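Take a look at the structure set out below.
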Amino acid sequence: MGLFDTVELYDDVHLPEYPEGITPAEDVVWQTKGIDRPTMATFRITADGRLLKEEWHIETVPPEDRPYASRDDIDEEDLLYIAGCRKRVHDGWIERDDYHGRFDLKHSFEDLNTLVTYRVTFTHGQLDGFERLQ
């Protein structure tokens, strides 16, 4: 297992040799471990070939808004009390116009019983293309 990052594709991003009859590529949650050191970050590849990274901050969730903290059978000593005590808040997107290299996108399709993998190449922040590996 381990950490990974998520990559989202805009609607007009075309993946070559994409399997037919399954979820459209832009609706798939793609994973990678190759952009930077994986930190559970979210990236986007835009229709015009740019790489964006989500910026966010963490906020504390009050106990009354947590899933278990208000239950009668949960007290402050219980681990369930802290479940949901923090949330990630979206601040916007920054362009990674410095990114130069390759990384793999992967998604396991249950309908196909297979892992689909693409190699993505960027040159100085601009998408050069996708290559289907599996």
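A note on labels: chains of the structure tokens are A, B, ... as shown, every chain counts residues from 1, and ligands are counted from 1 in their shown order.
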When you look at Ile22 (chain A) with a cut-off of 12 Å (counting only C-alpha atoms), what residues show up, excluding the ones that are within fewer than 5 positions of it in the same chain? I need them as a PyMOL selection string.
chain A and resi 27-28+107-113+116
File of the preceding selection, N, CA, C and O atoms, as an mmCIF file, in the first residue's frame:
data_model
loop_
_atom_site.group_PDB
_atom_site.id
_atom_site.type_symbol
_atom_site.label_atom_id
_atom_site.label_comp_id
_atom_site.auth_asym_id
_atom_site.auth_seq_id
_atom_site.Cartn_x
_atom_site.Cartn_y
_atom_site.Cartn_z
ATOM 1 N N ASP A 27 -13.964 10.689 -15.390
ATOM 2 C CA ASP A 27 -14.717 10.364 -14.177
ATOM 3 C C ASP A 27 -13.988 9.357 -13.289
ATOM 4 O O ASP A 27 -14.492 8.972 -12.240
ATOM 5 N N VAL A 28 -12.815 8.933 -13.716
ATOM 6 C CA VAL A 28 -12.033 7.939 -12.979
ATOM 7 C C VAL A 28 -11.104 8.644 -11.997
ATOM 8 O O VAL A 28 -10.549 9.695 -12.299
ATOM 9 N N HIS A 107 -5.356 2.825 -12.565
ATOM 10 C CA HIS A 107 -6.691 2.613 -12.011
ATOM 11 C C HIS A 107 -7.061 1.154 -12.250
ATOM 12 O O HIS A 107 -6.849 0.622 -13.336
ATOM 13 N N SER A 108 -7.617 0.544 -11.229
ATOM 14 C CA SER A 108 -8.058 -0.842 -11.336
ATOM 15 C C SER A 108 -9.547 -0.856 -11.671
ATOM 16 O O SER A 108 -10.367 -0.364 -10.900
ATOM 17 N N PHE A 109 -9.876 -1.400 -12.832
ATOM 18 C CA PHE A 109 -11.263 -1.478 -13.283
ATOM 19 C C PHE A 109 -11.829 -2.858 -12.954
ATOM 20 O O PHE A 109 -11.370 -3.854 -13.504
ATOM 21 N N GLU A 110 -12.797 -2.891 -12.069
ATOM 22 C CA GLU A 110 -13.420 -4.170 -11.704
ATOM 23 C C GLU A 110 -14.112 -4.808 -12.897
ATOM 24 O O GLU A 110 -14.061 -6.025 -13.070
ATOM 25 N N ASP A 111 -14.769 -3.979 -13.732
ATOM 26 C CA ASP A 111 -15.478 -4.513 -14.898
ATOM 27 C C ASP A 111 -14.546 -5.264 -15.846
ATOM 28 O O ASP A 111 -14.947 -6.221 -16.509
ATOM 29 N N LEU A 112 -13.301 -4.828 -15.916
ATOM 30 C CA LEU A 112 -12.329 -5.454 -16.812
ATOM 31 C C LEU A 112 -11.439 -6.454 -16.086
ATOM 32 O O LEU A 112 -10.686 -7.189 -16.715
ATOM 33 N N ASN A 113 -11.517 -6.438 -14.743
ATOM 34 C CA ASN A 113 -10.654 -7.278 -13.920
ATOM 35 C C ASN A 113 -9.186 -7.035 -14.276
ATOM 36 O O ASN A 113 -8.402 -7.974 -14.432
ATOM 37 N N VAL A 116 -5.323 -0.636 -15.379
ATOM 38 C CA VAL A 116 -4.989 0.143 -16.578
ATOM 39 C C VAL A 116 -3.949 1.180 -16.172
ATOM 40 O O VAL A 116 -4.132 1.915 -15.196
#
Kindly assemble as CSV a list of the region 64-85 of chain A residues that lie within 12 Å of region 40-60 of chain A, each paired with its nearest atom pair and their distance in Å to one decimal, using only C-alpha atoms, sorted first by chain and then by ascending residue number.
residue,atom,partner,partner_atom,distance
A:Glu64,CA,A:Thr60,CA,11.6
A:Asp65,CA,A:Thr60,CA,10.2
A:Arg66,CA,A:Thr60,CA,10.1
A:Ile82,CA,A:Thr60,CA,10.4
A:Ala83,CA,A:Thr60,CA,11.3
A:Gly84,CA,A:Thr60,CA,8.8
A:Cys85,CA,A:Thr60,CA,5.8
Just list the residues in chain A DSSP gives alpha helix (DSSP H) on the backbone, as a list in words.
Leu79, Leu80, Tyr81 and Ile82 of chain A
Choose the residue, out of A:Pro67, A:Gly2, A:Pro62, A:Gly129, that has the smallest atom-to-atom separation from Arg102 (chain A); count only C-alpha atoms.
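The answer is A:Gly129, which sits nearest to Arg102 (chain A).
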Rank A:Glu20, A:Asp104, A:Glu95, A:Asp72 by their smallest atom-to-atom distance to Asp5 (chain A), using only C-alpha atoms, and report the top residue only.
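Smallest distance to Asp5 (chain A) is found for A:Asp104.
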For each of A:Asp128, A:Tyr118, A:Ala69, A:Gly92, take the minimum atom-to-atom distance to Pro16 (chain A), counting only C-alpha atoms, then give the residue where this is smallest.
A:Tyr118
Please compute the CA of Asp75 (chain A)-CA of Val61 (chain A) distance, one decimal, in Å.
16.4 Å
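CA of Val89 (chain A) is found 25.7 Å from CA of Lys106 (chain A).
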Nearest candidate to Arg37 (chain A) (options A:Glu131, A:Ile94, A:Phe4, A:His100; using only C-alpha atoms):
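Checking each of A:Glu131, A:Ile94, A:Phe4, A:His100 against Arg37 (chain A), counting only C-alpha atoms, the winner is A:Phe4.
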Could you pull out all residues of region 50-127 of chain A with a DSSP call of strand (DSSP E) and give them as a ChimeraX atom specification?
/A:51-60,86-95,101-109,114-123,126-127
Restricting the output to C-alpha atoms, write the selected residues as an mmCIF file, in the first residue's frame.
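Wrote it out as part-v9.cif, contents follow:
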data_model
loop_
_atom_site.group_PDB
_atom_site.id
_atom_site.type_symbol
_atom_site.label_atom_id
_atom_site.label_comp_id
_atom_site.auth_asym_id
_atom_site.auth_seq_id
_atom_site.Cartn_x
_atom_site.Cartn_y
_atom_site.Cartn_z
ATOM 1 C CA LEU A 51 -0.513 20.265 -14.605
ATOM 2 C CA LEU A 52 -2.270 21.794 -11.594
ATOM 3 C CA LYS A 53 -1.861 20.962 -7.909
ATOM 4 C CA GLU A 54 -4.561 21.561 -5.325
ATOM 5 C CA GLU A 55 -3.750 23.966 -2.520
ATOM 6 C CA TRP A 56 -5.572 23.409 0.775
ATOM 7 C CA HIS A 57 -5.440 23.948 4.514
ATOM 8 C CA ILE A 58 -6.736 22.020 7.529
ATOM 9 C CA GLU A 59 -9.525 23.238 9.800
ATOM 10 C CA THR A 60 -10.724 21.814 13.105
ATOM 11 C CA ARG A 86 -10.042 17.769 11.025
ATOM 12 C CA LYS A 87 -11.124 18.571 7.494
ATOM 13 C CA ARG A 88 -9.252 19.587 4.398
ATOM 14 C CA VAL A 89 -10.466 22.881 2.891
ATOM 15 C CA HIS A 90 -9.812 23.665 -0.781
ATOM 16 C CA ASP A 91 -7.944 26.951 -1.394
ATOM 17 C CA GLY A 92 -7.484 26.765 -5.159
ATOM 18 C CA TRP A 93 -5.134 25.372 -7.775
ATOM 19 C CA ILE A 94 -1.553 26.273 -8.603
ATOM 20 C CA GLU A 95 0.070 25.549 -11.938
ATOM 21 C CA GLY A 101 9.404 14.335 -16.362
ATOM 22 C CA ARG A 102 7.243 11.237 -16.500
ATOM 23 C CA PHE A 103 4.836 9.557 -14.132
ATOM 24 C CA ASP A 104 2.380 6.678 -14.357
ATOM 25 C CA LEU A 105 -1.402 6.903 -13.870
ATOM 26 C CA LYS A 106 -3.147 3.760 -12.643
ATOM 27 C CA HIS A 107 -6.691 2.613 -12.011
ATOM 28 C CA SER A 108 -8.058 -0.842 -11.336
ATOM 29 C CA PHE A 109 -11.263 -1.478 -13.283
ATOM 30 C CA THR A 114 -7.468 -5.404 -14.824
ATOM 31 C CA LEU A 115 -5.200 -2.549 -13.873
ATOM 32 C CA VAL A 116 -4.989 0.143 -16.578
ATOM 33 C CA THR A 117 -1.741 2.124 -16.616
ATOM 34 C CA TYR A 118 -0.673 5.157 -18.641
ATOM 35 C CA ARG A 119 2.709 6.878 -18.737
ATOM 36 C CA VAL A 120 2.359 10.659 -18.786
ATOM 37 C CA THR A 121 5.147 12.885 -20.097
ATOM 38 C CA PHE A 122 5.513 16.592 -19.313
ATOM 39 C CA THR A 123 8.194 18.886 -20.715
ATOM 40 C CA GLN A 126 3.443 21.208 -20.738
ATOM 41 C CA LEU A 127 1.855 17.830 -21.470
#
